[in-house]
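Text of model34.csv (CSV, C-alpha atoms) as supplied:
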```csv
chain,number,residue,atom,x,y,z
A,1,MET,CA,0.0,0.0,0.0
A,2,PHE,CA,1.1,3.5,-0.8
A,3,GLY,CA,-1.0,5.5,1.7
A,4,GLU,CA,-4.6,4.8,0.5
A,5,PHE,CA,-3.3,3.0,-2.6
A,6,VAL,CA,-4.0,-0.6,-3.3
A,7,TYR,CA,-0.7,-1.7,-4.9
A,8,LEU,CA,-1.2,-4.4,-7.6
A,9,ASP,CA,2.1,-4.2,-9.5
A,10,ASN,CA,4.2,-6.6,-7.5
A,11,ALA,CA,5.8,-8.0,-10.6
A,12,ALA,CA,7.6,-4.7,-11.0
A,13,ALA,CA,8.7,-4.2,-7.4
A,14,THR,CA,7.5,-5.2,-3.9
A,15,ARG,CA,7.4,-3.4,-0.7
A,16,LEU,CA,10.3,-4.3,1.6
A,17,ASP,CA,9.2,-6.5,4.5
A,18,GLU,CA,10.0,-4.9,7.8
A,19,ARG,CA,11.6,-8.2,8.9
A,20,VAL,CA,13.9,-8.0,6.0
A,21,LEU,CA,14.9,-4.5,6.9
A,22,GLY,CA,15.5,-5.6,10.5
A,23,ALA,CA,17.8,-8.4,9.4
A,24,MET,CA,19.8,-6.0,7.1
A,25,THR,CA,20.2,-3.1,9.5
A,26,PRO,CA,23.1,-4.5,11.6
A,27,TYR,CA,25.1,-5.0,8.4
A,28,PHE,CA,24.9,-1.2,7.7
A,29,LEU,CA,25.7,0.0,11.1
A,30,GLU,CA,27.7,-2.7,13.0
A,31,THR,CA,29.1,-5.5,10.8
A,32,TYR,CA,29.9,-3.2,8.0
A,33,ALA,CA,33.5,-4.4,7.1
A,34,VAL,CA,34.3,-5.9,3.8
A,35,ALA,CA,34.2,-9.6,3.5
A,36,THR,CA,37.9,-10.3,3.9
A,37,SER,CA,39.5,-13.7,3.8
A,38,GLN,CA,39.3,-16.0,6.8
A,39,PHE,CA,42.8,-14.8,7.7
A,40,GLY,CA,41.7,-11.1,8.0
A,41,TYR,CA,40.5,-9.1,10.9
A,42,SER,CA,37.6,-10.1,13.0
A,43,PRO,CA,34.9,-7.7,11.6
A,44,GLY,CA,35.7,-8.8,8.1
A,45,ILE,CA,35.5,-12.4,9.1
A,46,GLU,CA,32.1,-11.8,10.7
A,47,ALA,CA,30.9,-10.1,7.5
A,48,LYS,CA,32.3,-13.0,5.4
A,49,ASP,CA,30.5,-15.6,7.6
A,50,ALA,CA,27.2,-13.7,7.3
A,51,LEU,CA,27.6,-13.5,3.5
A,52,GLU,CA,28.3,-17.2,3.2
A,53,GLU,CA,25.3,-18.1,5.4
A,54,ALA,CA,23.1,-16.0,3.2
A,55,ARG,CA,24.5,-17.7,0.1
A,56,SER,CA,23.8,-21.1,1.7
A,57,THR,CA,20.2,-20.1,2.5
A,58,ILE,CA,19.4,-19.1,-1.1
A,59,ALA,CA,21.3,-22.0,-2.6
A,60,ARG,CA,19.2,-24.4,-0.5
A,61,ALA,CA,16.1,-22.9,-2.0
A,62,LEU,CA,17.4,-24.2,-5.3
A,63,SER,CA,18.8,-27.4,-3.9
A,64,ALA,CA,22.1,-26.1,-5.1
A,65,LYS,CA,25.6,-26.1,-3.5
A,66,PRO,CA,26.6,-22.8,-1.9
A,67,GLU,CA,29.6,-22.5,-4.2
A,68,GLU,CA,27.3,-22.7,-7.2
A,69,PHE,CA,25.5,-19.4,-6.3
A,70,ILE,CA,26.9,-16.0,-7.3
A,71,PHE,CA,25.6,-12.8,-5.9
A,72,THR,CA,24.9,-10.0,-8.4
A,73,SER,CA,23.3,-6.6,-8.5
A,74,GLY,CA,20.0,-8.1,-9.7
A,75,SER,CA,18.3,-10.1,-12.4
A,76,THR,CA,19.5,-7.9,-15.2
A,77,GLU,CA,23.2,-8.5,-14.4
A,78,SER,CA,22.6,-12.2,-13.8
A,79,SER,CA,21.1,-12.8,-17.2
A,80,ASN,CA,23.7,-10.7,-18.9
A,81,MET,CA,26.4,-12.7,-17.1
A,82,ALA,CA,24.8,-16.0,-18.1
A,83,LEU,CA,24.4,-15.2,-21.8
A,84,LYS,CA,27.6,-13.2,-22.3
A,85,GLY,CA,29.7,-15.3,-20.0
A,86,VAL,CA,28.8,-18.5,-21.8
A,87,ALA,CA,29.2,-16.8,-25.2
A,88,MET,CA,32.7,-15.7,-24.3
A,89,ALA,CA,33.6,-19.1,-23.0
A,90,LEU,CA,32.2,-21.2,-25.9
A,91,GLY,CA,31.8,-18.9,-28.8
A,92,ALA,CA,33.9,-19.8,-31.8
A,93,ARG,CA,36.5,-17.2,-32.6
A,94,SER,CA,36.6,-15.6,-36.0
A,95,GLY,CA,39.4,-16.9,-38.2
A,96,ASP,CA,39.9,-20.2,-36.2
A,97,ARG,CA,40.0,-23.2,-38.5
A,98,ARG,CA,38.8,-25.4,-35.6
A,99,PRO,CA,37.9,-23.1,-32.8
A,100,SER,CA,38.4,-23.9,-29.2
A,101,GLY,CA,34.9,-22.7,-28.7
A,102,LYS,CA,32.0,-24.9,-29.7
A,103,GLY,CA,30.0,-22.5,-31.9
A,104,LYS,CA,28.2,-19.2,-32.1
A,105,HIS,CA,24.5,-20.1,-32.0
A,106,ILE,CA,22.1,-19.3,-29.1
A,107,ILE,CA,18.4,-20.1,-28.8
A,108,ILE,CA,15.8,-18.0,-26.8
A,109,SER,CA,12.1,-17.5,-27.0
A,110,LYS,CA,10.4,-14.5,-28.6
A,111,ILE,CA,8.8,-13.5,-25.3
A,112,GLU,CA,11.9,-13.4,-23.0
A,113,ASP,CA,12.3,-10.4,-20.6
A,114,PHE,CA,14.5,-7.6,-21.8
A,115,PRO,CA,17.8,-8.7,-20.1
A,116,VAL,CA,17.8,-11.9,-22.0
A,117,LEU,CA,16.3,-10.5,-25.2
A,118,TYR,CA,18.7,-7.6,-25.4
A,119,SER,CA,21.7,-9.6,-24.4
A,120,ALA,CA,20.9,-11.9,-27.3
A,121,ARG,CA,20.6,-9.0,-29.6
A,122,ALA,CA,23.9,-7.6,-28.4
A,123,LEU,CA,25.6,-10.9,-29.1
A,124,GLU,CA,24.1,-10.9,-32.6
A,125,LYS,CA,26.1,-7.7,-33.2
A,126,GLN,CA,29.2,-9.6,-32.2
A,127,GLY,CA,28.7,-12.3,-34.8
A,128,PHE,CA,26.5,-14.7,-32.9
A,129,ARG,CA,23.4,-16.2,-34.5
A,130,VAL,CA,20.3,-16.2,-32.5
A,131,THR,CA,17.2,-18.3,-33.1
A,132,TYR,CA,14.0,-16.7,-31.6
A,133,LEU,CA,11.5,-19.5,-30.9
A,134,ASP,CA,7.8,-19.0,-31.5
A,135,VAL,CA,5.4,-19.7,-28.7
A,136,ASP,CA,1.8,-20.9,-28.7
A,137,GLU,CA,-1.3,-18.8,-27.9
A,138,TYR,CA,-0.6,-19.3,-24.2
A,139,GLY,CA,3.1,-18.4,-24.4
A,140,ARG,CA,4.6,-21.9,-24.2
A,141,VAL,CA,7.6,-23.1,-26.2
A,142,ASN,CA,7.0,-26.0,-28.6
A,143,LEU,CA,9.5,-28.7,-27.5
A,144,ASP,CA,9.7,-30.2,-31.0
A,145,GLN,CA,10.6,-26.9,-32.5
A,146,LEU,CA,13.2,-26.4,-29.8
A,147,ARG,CA,14.7,-29.8,-30.5
A,148,GLN,CA,14.8,-29.0,-34.3
A,149,ALA,CA,16.4,-25.6,-33.7
A,150,ILE,CA,19.5,-27.1,-31.9
A,151,THR,CA,22.5,-27.6,-34.2
A,152,PRO,CA,26.1,-28.7,-33.6
A,153,GLU,CA,26.9,-25.0,-33.3
A,154,THR,CA,24.4,-24.3,-30.5
A,155,ILE,CA,26.1,-23.3,-27.2
A,156,LEU,CA,23.2,-22.1,-25.1
A,157,VAL,CA,19.4,-22.2,-24.8
A,158,SER,CA,17.8,-19.5,-22.6
A,159,ILE,CA,14.1,-20.0,-21.9
A,160,GLN,CA,12.4,-18.2,-18.9
A,161,THR,CA,10.7,-20.2,-16.2
A,162,ALA,CA,7.8,-17.8,-16.2
A,163,ASN,CA,6.8,-14.9,-18.3
A,164,GLN,CA,7.1,-11.4,-16.8
A,165,GLU,CA,3.8,-10.1,-18.3
A,166,ILE,CA,1.3,-12.9,-18.8
A,167,GLY,CA,2.7,-15.3,-16.1
A,168,THR,CA,2.8,-18.4,-18.2
A,169,LEU,CA,5.1,-21.2,-16.8
A,170,GLN,CA,7.4,-23.1,-19.2
A,171,ASP,CA,8.1,-26.8,-18.9
A,172,VAL,CA,11.7,-26.2,-17.8
A,173,ALA,CA,12.3,-29.8,-16.9
A,174,ALA,CA,11.5,-31.0,-20.4
A,175,ILE,CA,13.5,-28.1,-22.0
A,176,GLY,CA,16.4,-29.0,-19.8
A,177,ALA,CA,16.2,-32.6,-20.7
A,178,ILE,CA,16.3,-31.8,-24.4
A,179,CYS,CA,19.4,-29.5,-23.8
A,180,ARG,CA,21.1,-32.2,-21.8
A,181,GLU,CA,20.4,-34.8,-24.4
A,182,GLN,CA,21.9,-32.5,-27.1
A,183,GLY,CA,24.9,-31.4,-25.0
A,184,VAL,CA,23.8,-27.8,-24.9
A,185,LEU,CA,23.8,-25.5,-21.9
A,186,PHE,CA,20.5,-24.3,-20.5
A,187,HIS,CA,19.8,-21.0,-18.7
A,188,THR,CA,16.4,-20.1,-17.3
A,189,ASP,CA,15.3,-16.7,-16.0
A,190,ALA,CA,13.4,-17.4,-12.8
A,191,THR,CA,13.1,-13.8,-11.8
A,192,HIS,CA,9.3,-13.9,-11.5
A,193,SER,CA,9.0,-17.4,-10.1
A,194,PHE,CA,11.7,-17.9,-7.5
A,195,PRO,CA,11.1,-19.2,-4.9
A,196,ARG,CA,7.3,-19.4,-5.2
A,197,VAL,CA,7.5,-22.0,-8.0
A,198,LEU,CA,9.8,-24.9,-7.1
A,199,LEU,CA,12.9,-25.3,-9.1
A,200,ASP,CA,15.2,-28.1,-7.8
A,201,VAL,CA,18.4,-28.1,-9.8
A,202,ARG,CA,19.1,-31.6,-8.6
A,203,GLU,CA,16.0,-32.8,-10.6
A,204,VAL,CA,15.9,-30.2,-13.4
A,205,PRO,CA,18.8,-30.3,-15.8
A,206,VAL,CA,19.5,-26.6,-15.8
A,207,ASP,CA,23.0,-25.1,-15.9
A,208,LEU,CA,22.3,-21.4,-15.0
A,209,VAL,CA,19.4,-19.8,-13.2
A,210,THR,CA,18.7,-16.0,-12.7
A,211,VAL,CA,17.0,-14.9,-9.5
A,212,THR,CA,16.4,-11.7,-7.7
A,213,ALA,CA,15.2,-10.3,-4.3
A,214,HIS,CA,13.1,-7.3,-5.2
A,215,LEU,CA,10.0,-9.3,-6.3
A,216,ILE,CA,9.7,-11.2,-3.0
A,217,HIS,CA,9.7,-8.3,-0.6
A,218,GLY,CA,13.5,-8.1,-0.5
A,219,PRO,CA,15.8,-5.2,-1.3
A,220,LYS,CA,16.4,-3.8,-4.7
A,221,GLY,CA,20.0,-4.1,-6.1
A,222,ILE,CA,20.7,-7.7,-5.2
A,223,GLY,CA,20.2,-10.8,-7.2
A,224,GLY,CA,22.0,-14.0,-8.1
A,225,LEU,CA,23.0,-16.5,-10.7
A,226,TYR,CA,23.1,-20.2,-10.1
A,227,VAL,CA,26.0,-21.7,-12.1
A,228,ARG,CA,26.2,-25.5,-12.1
A,229,LYS,CA,29.6,-26.8,-11.2
A,230,GLY,CA,31.7,-27.2,-14.3
A,231,THR,CA,29.7,-24.8,-16.5
A,232,PRO,CA,32.0,-22.8,-18.7
A,233,LEU,CA,31.5,-19.1,-17.9
A,234,VAL,CA,34.0,-16.2,-18.5
A,235,LYS,CA,34.2,-13.4,-16.0
A,236,TRP,CA,33.0,-10.4,-18.0
A,237,MET,CA,33.4,-7.6,-15.4
A,238,ASP,CA,37.0,-7.0,-14.4
A,239,GLY,CA,38.2,-5.9,-11.0
A,240,GLY,CA,38.8,-8.0,-7.9
A,241,PHE,CA,38.4,-11.7,-7.2
A,242,GLN,CA,35.1,-11.8,-5.4
A,243,GLU,CA,32.3,-14.3,-5.9
A,244,PHE,CA,34.7,-17.2,-6.8
A,245,ASN,CA,36.5,-14.9,-9.2
A,246,LEU,CA,33.3,-14.7,-11.4
A,247,ARG,CA,32.2,-11.2,-10.4
A,248,ALA,CA,34.4,-8.3,-9.4
A,249,GLY,CA,33.3,-5.7,-6.8
A,250,GLU,CA,32.7,-5.6,-3.1
A,251,GLU,CA,29.9,-7.8,-2.0
A,252,ASN,CA,26.6,-6.2,-1.1
A,253,ILE,CA,26.4,-7.9,2.3
A,254,PRO,CA,23.3,-6.1,3.7
A,255,GLY,CA,21.6,-6.9,0.4
A,256,ALA,CA,22.6,-10.5,0.5
A,257,ILE,CA,21.3,-10.8,4.1
A,258,GLY,CA,18.0,-9.2,3.0
A,259,PHE,CA,17.7,-11.5,0.0
A,260,ALA,CA,18.2,-14.6,2.2
A,261,THR,CA,15.7,-13.4,4.7
A,262,ALA,CA,13.2,-12.7,2.0
A,263,VAL,CA,13.6,-16.2,0.6
A,264,LYS,CA,13.0,-17.7,4.1
A,265,LEU,CA,9.8,-15.7,4.5
A,266,VAL,CA,8.1,-17.1,1.4
A,267,THR,CA,5.8,-19.9,2.4
A,268,PRO,CA,3.6,-22.3,0.5
A,269,GLU,CA,0.7,-21.0,2.6
A,270,GLU,CA,1.3,-17.5,1.4
A,271,THR,CA,1.7,-18.6,-2.2
A,272,ALA,CA,-1.7,-20.4,-2.0
A,273,ARG,CA,-3.3,-17.2,-0.6
A,274,LEU,CA,-2.0,-15.2,-3.6
A,275,GLN,CA,-3.3,-17.8,-6.0
A,276,ASP,CA,-6.7,-17.6,-4.4
A,277,MET,CA,-6.8,-13.9,-5.0
A,278,ARG,CA,-5.5,-14.3,-8.5
A,279,ASP,CA,-8.2,-16.8,-9.4
A,280,ARG,CA,-10.9,-14.7,-7.9
A,281,LEU,CA,-9.8,-11.6,-9.8
A,282,ILE,CA,-9.6,-13.5,-13.1
A,283,GLU,CA,-13.1,-14.8,-12.5
A,284,ARG,CA,-14.4,-11.2,-11.9
A,285,LEU,CA,-12.5,-9.6,-14.8
A,286,LEU,CA,-13.7,-12.2,-17.4
A,287,GLN,CA,-17.3,-11.2,-16.5
A,288,ILE,CA,-16.6,-7.9,-18.2
A,289,PRO,CA,-17.8,-8.0,-21.9
A,290,HIS,CA,-15.0,-8.3,-24.5
A,291,SER,CA,-12.3,-9.3,-22.0
A,292,ARG,CA,-9.7,-12.0,-22.6
A,293,LEU,CA,-7.2,-13.7,-20.3
A,294,ASN,CA,-3.6,-13.5,-21.5
A,295,GLY,CA,-1.4,-16.5,-20.7
A,296,HIS,CA,-2.1,-20.0,-19.7
A,297,PRO,CA,-5.3,-20.5,-17.7
A,298,THR,CA,-3.7,-22.8,-15.1
A,299,LEU,CA,0.1,-23.1,-15.8
A,300,ARG,CA,0.8,-19.6,-14.7
A,301,LEU,CA,2.4,-17.7,-11.8
A,302,PRO,CA,0.3,-17.9,-8.6
A,303,HIS,CA,0.1,-14.1,-8.3
A,304,ASN,CA,-0.3,-12.9,-11.9
A,305,ALA,CA,-3.5,-12.0,-13.8
A,306,ASN,CA,-3.2,-10.4,-17.2
A,307,VAL,CA,-6.4,-9.5,-19.1
A,308,SER,CA,-7.0,-7.6,-22.3
A,309,PHE,CA,-10.1,-5.4,-22.7
A,310,ARG,CA,-11.3,-4.5,-26.2
A,311,PHE,CA,-12.1,-1.0,-27.3
A,312,VAL,CA,-10.0,0.7,-24.6
A,313,GLU,CA,-6.4,1.6,-24.1
A,314,GLY,CA,-4.5,0.1,-21.2
A,315,GLU,CA,-2.8,3.4,-20.5
A,316,SER,CA,-6.2,5.0,-20.0
A,317,ILE,CA,-7.3,2.2,-17.7
A,318,LEU,CA,-4.0,2.7,-15.7
A,319,LEU,CA,-4.5,6.4,-15.3
A,320,HIS,CA,-8.2,6.1,-14.3
A,321,LEU,CA,-7.4,3.4,-11.8
A,322,ASP,CA,-4.6,5.5,-10.4
A,323,MET,CA,-7.0,8.3,-9.7
A,324,ARG,CA,-9.2,5.8,-7.9
A,325,GLY,CA,-6.3,4.6,-5.8
A,326,PHE,CA,-5.1,1.4,-7.6
A,327,ALA,CA,-1.6,0.8,-9.0
A,328,VAL,CA,-1.5,-1.7,-11.9
A,329,SER,CA,0.6,-2.1,-15.0
A,330,THR,CA,0.0,-2.1,-18.7
A,331,GLY,CA,2.5,-4.9,-19.2
A,332,SER,CA,6.1,-5.4,-18.0
A,333,ALA,CA,7.7,-2.8,-15.8
A,334,CYS,CA,9.8,-1.6,-18.8
A,335,PHE,CA,6.9,-1.4,-21.2
A,336,SER,CA,4.8,0.8,-19.0
A,337,ARG,CA,7.1,3.7,-20.0
A,338,SER,CA,6.6,3.0,-23.7
A,339,LEU,CA,3.8,3.3,-26.2
A,340,GLU,CA,5.2,0.3,-28.1
A,341,ALA,CA,3.0,-2.8,-28.3
A,342,SER,CA,4.0,-5.5,-25.9
A,343,HIS,CA,6.3,-8.0,-27.6
A,344,VAL,CA,4.8,-10.7,-25.4
A,345,ILE,CA,1.2,-10.1,-26.5
A,346,LEU,CA,2.3,-9.9,-30.1
A,347,GLY,CA,4.4,-13.1,-29.6
A,348,ILE,CA,1.3,-15.1,-28.5
A,349,GLY,CA,-0.5,-14.0,-31.6
A,350,GLY,CA,-2.2,-10.9,-30.4
A,351,ASN,CA,-2.6,-7.8,-32.4
A,352,HIS,CA,-1.8,-4.2,-31.5
A,353,GLU,CA,-5.3,-3.6,-30.1
A,354,ARG,CA,-5.1,-6.5,-27.8
A,355,ALA,CA,-1.6,-5.5,-26.7
A,356,HIS,CA,-2.5,-1.9,-26.0
A,357,GLY,CA,-5.6,-3.0,-24.1
A,358,SER,CA,-3.8,-5.4,-21.8
A,359,VAL,CA,-3.6,-4.8,-18.0
A,360,ARG,CA,-1.4,-6.8,-15.6
A,361,PHE,CA,-2.4,-7.3,-12.0
A,362,THR,CA,0.1,-8.9,-9.6
A,363,PHE,CA,-0.4,-9.6,-5.9
A,364,GLY,CA,2.0,-9.5,-3.1
A,365,ARG,CA,2.3,-10.2,0.7
A,366,PHE,CA,0.5,-7.0,1.7
A,367,ASN,CA,-2.5,-7.4,-0.4
A,368,LYS,CA,-5.8,-8.4,1.2
A,369,PRO,CA,-8.7,-10.5,-0.2
A,370,GLU,CA,-10.9,-7.4,-0.2
A,371,ASP,CA,-8.5,-5.8,-2.7
A,372,VAL,CA,-9.8,-8.2,-5.3
A,373,ASP,CA,-13.4,-7.1,-5.4
A,374,ALA,CA,-12.4,-3.4,-4.9
A,375,VAL,CA,-10.2,-3.3,-8.0
A,376,ALA,CA,-12.7,-5.5,-10.0
A,377,ASP,CA,-15.5,-3.1,-9.2
A,378,ALA,CA,-13.3,-0.1,-10.1
A,379,ILE,CA,-12.1,-1.5,-13.4
A,380,SER,CA,-15.6,-2.5,-14.4
A,381,GLU,CA,-16.7,1.1,-13.9
A,382,VAL,CA,-13.6,2.5,-15.6
A,383,ILE,CA,-14.0,0.3,-18.7
A,384,ALA,CA,-17.7,1.1,-19.1
A,385,ALA,CA,-17.0,4.8,-18.9
A,386,LEU,CA,-14.0,4.6,-21.3
A,387,ARG,CA,-16.0,2.6,-23.8
A,388,GLU,CA,-18.7,5.2,-23.9
A,389,ILE,CA,-16.2,7.7,-25.3
A,390,SER,CA,-13.9,5.3,-27.1
A,391,PRO,CA,-13.0,6.0,-30.8
A,392,LEU,CA,-12.0,2.3,-31.2
A,393,GLY,CA,-15.5,1.1,-32.1
A,394,LYS,CA,-17.8,-1.5,-30.5
A,395,GLU,CA,-19.2,-4.8,-31.7
```

Taking this structure as input, can you express it in the form of structure tokens?
Amino acid sequence: MFGEFVYLDNAAATRLDERVLGAMTPYFLETYAVATSQFGYSPGIEAKDALEEARSTIARALSAKPEEFIFTSGSTESSNMALKGVAMALGARSGDRRPSGKGKHIIISKIEDFPVLYSARALEKQGFRVTYLDVDEYGRVNLDQLRQAITPETILVSIQTANQEIGTLQDVAAIGAICREQGVLFHTDATHSFPRVLLDVREVPVDLVTVTAHLIHGPKGIGGLYVRKGTPLVKWMDGGFQEFNLRAGEENIPGAIGFATAVKLVTPEETARLQDMRDRLIERLLQIPHSRLNGHPTLRLPHNANVSFRFVEGESILLHLDMRGFAVSTGSACFSRSLEASHVILGIGGNHERAHGSVRFTFGRFNKPEDVDAVADAISEVIAALREISPLGKE
């Protein structure tokens, strides 16, 4: 809540939990030394111990080993590190008759979030070839198309665990199995699903996983990358030797503590409560004429509802709801600052009208069941009023 606001944009950012802040505070004011080696001075050793305990907590949530988890500044850096680090490690060098690298082919889906999408585009400018897989009407990758897209030159497949806008979950276990069978590395962006959607790296053949704190009521500016032991990854930011010599720069110890605390506070009971609110809201919104659910009806994030409304603009809905005390999004956090049609809605076969009429509602810990009917009532009134003056036409 922002004052009287009902905040329903928890896929963009979440309010920091007071318990997270409480856990972080001592590492700003008391244990503030850098994480020196175990042979350093006592305050540094204390900081190092706290950092490693936080690392272990987050790694356990993935069923990973602590040494396989790298702290970063957030999901954007993690995905950049995954794609560019693997590309630098395995990419065939120009002019080599038989390069030490495997190849220069990467596969992603058309609806990836911007850190993956734009990292792939950046690599294209460096001579890599990128295949952008189509998705079905719900946003799911076709496994046969994925299998056919892999070539002897393919070095990495990057398919998100869950979509940032429409909430659709991918079958990462099946995708990982195909990649493992073909000898190709697999990265998944779990920014919007971790740790609410279980991802056990002992069971799922995934090599790199992007996670972040700011969407689970943790602090901004801290995230991480799971890197399976033995995965080739070149350090792409030079400086010191922190994070197993894979990421330079002093560790954000308060952020790491906050991230670990946020992970521990996520419970199955809370996730079930968010899913109940999601389902109730979808039920209410689909009662509005000319509305359509975006994303898979059941295989979706527990806190995400994304609906398109015909004959109105999502930006207008957002502004009118804002005046009524509700915060929602017209798409991803990045797209809400742009008039471009959502690449996700277009990617699932929608047209520009559907894309511009889409609204994303995402729940968090501090939402209450009564928020559902309040926003549903408000949006019903807003859409009815906007359609009365809409130049888009009516059926």

A straight line from CA of Met88 in chain A to CA of Thr231 in chain A spans 12.4 Å

For CA of Met237 in chain A and CA of Phe69 in chain A, the interatomic separation in Å (one decimal): 16.9 Å

Between CA of Pro152 in chain A and CA of Ile107 in chain A, what is the spacing in Å? 12.5 Å

Selection near Gly349 in chain A, 10 Å with all atoms listed in the file, sequence-local residues under 5 positions removed, as an NGL selection string: :A and (134-139 or 343-344 or 354-355)

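The closest residue to Val234 in chain A, picked from A:Ser193, A:Ala89, A:His303, A:Arg310 and counting all atoms listed in the file, is A:Ala89.
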
Shell of 10 Å around range 371-388 of chain A, all atoms listed in the file, local chain residues under 2 positions omitted, as a VMD selection string: chain A and resid 6 to 8 276 to 285 287 to 289 309 to 314 316 to 321 324 to 328 361 363 367 to 369 390 to 394

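Closest to Ser78 in chain A among A:Thr188, A:Ser63, A:Ser56, A:Thr154 is A:Thr188, based on all atoms listed in the file.
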
Taking only C-alpha atoms into account, which of A:Leu62, A:Val86, A:Leu51, A:Ile253 comes nearest Thr25 in chain A? A:Ile253

Find the residues around Ala33 in chain A up to 8 Å (all atoms listed in the file counted), leave out those fewer than 6 positions away in its own chain, and share them as a list in words. Pro43, Gly44 and Ala47 of chain A

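The closest residue to Lys48 in chain A, picked from A:Asn163, A:Thr31, A:Asn294, A:Ser75 and counting all atoms listed in the file, is A:Thr31.
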
Determine the nearest neighbour of Phe114 in chain A from the options A:Thr271, A:Asp189, A:Gly91, A:Tyr41, counting all atoms listed in the file. A:Asp189

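Within 10 Å of the file-frame point (23.6, -8.1, -19.3), and using all atoms listed in the file, the polymer residues found are Ser75, Thr76, Glu77, Ser78, Ser79, Asn80, Met81, Ala82, Leu83, Lys84, Gly85, Phe114, Pro115, Val116, Leu117, Tyr118, Ser119, Ala120, Ala122 and Trp236 of chain A.
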
Nearby residues, (19.0, -23.2, -23.7) file frame, 10 Å, all atoms listed in the file, as a ChimeraX atom specification: /A:83,106-109,146,150,154-160,172,175-176,178-180,184-188,206-208

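For the choices A:Gly249, A:Pro297, A:Gly347, A:Gly357, the atom-to-atom distance to Val34 in chain A is smallest for A:Gly249 when using only C-alpha atoms.
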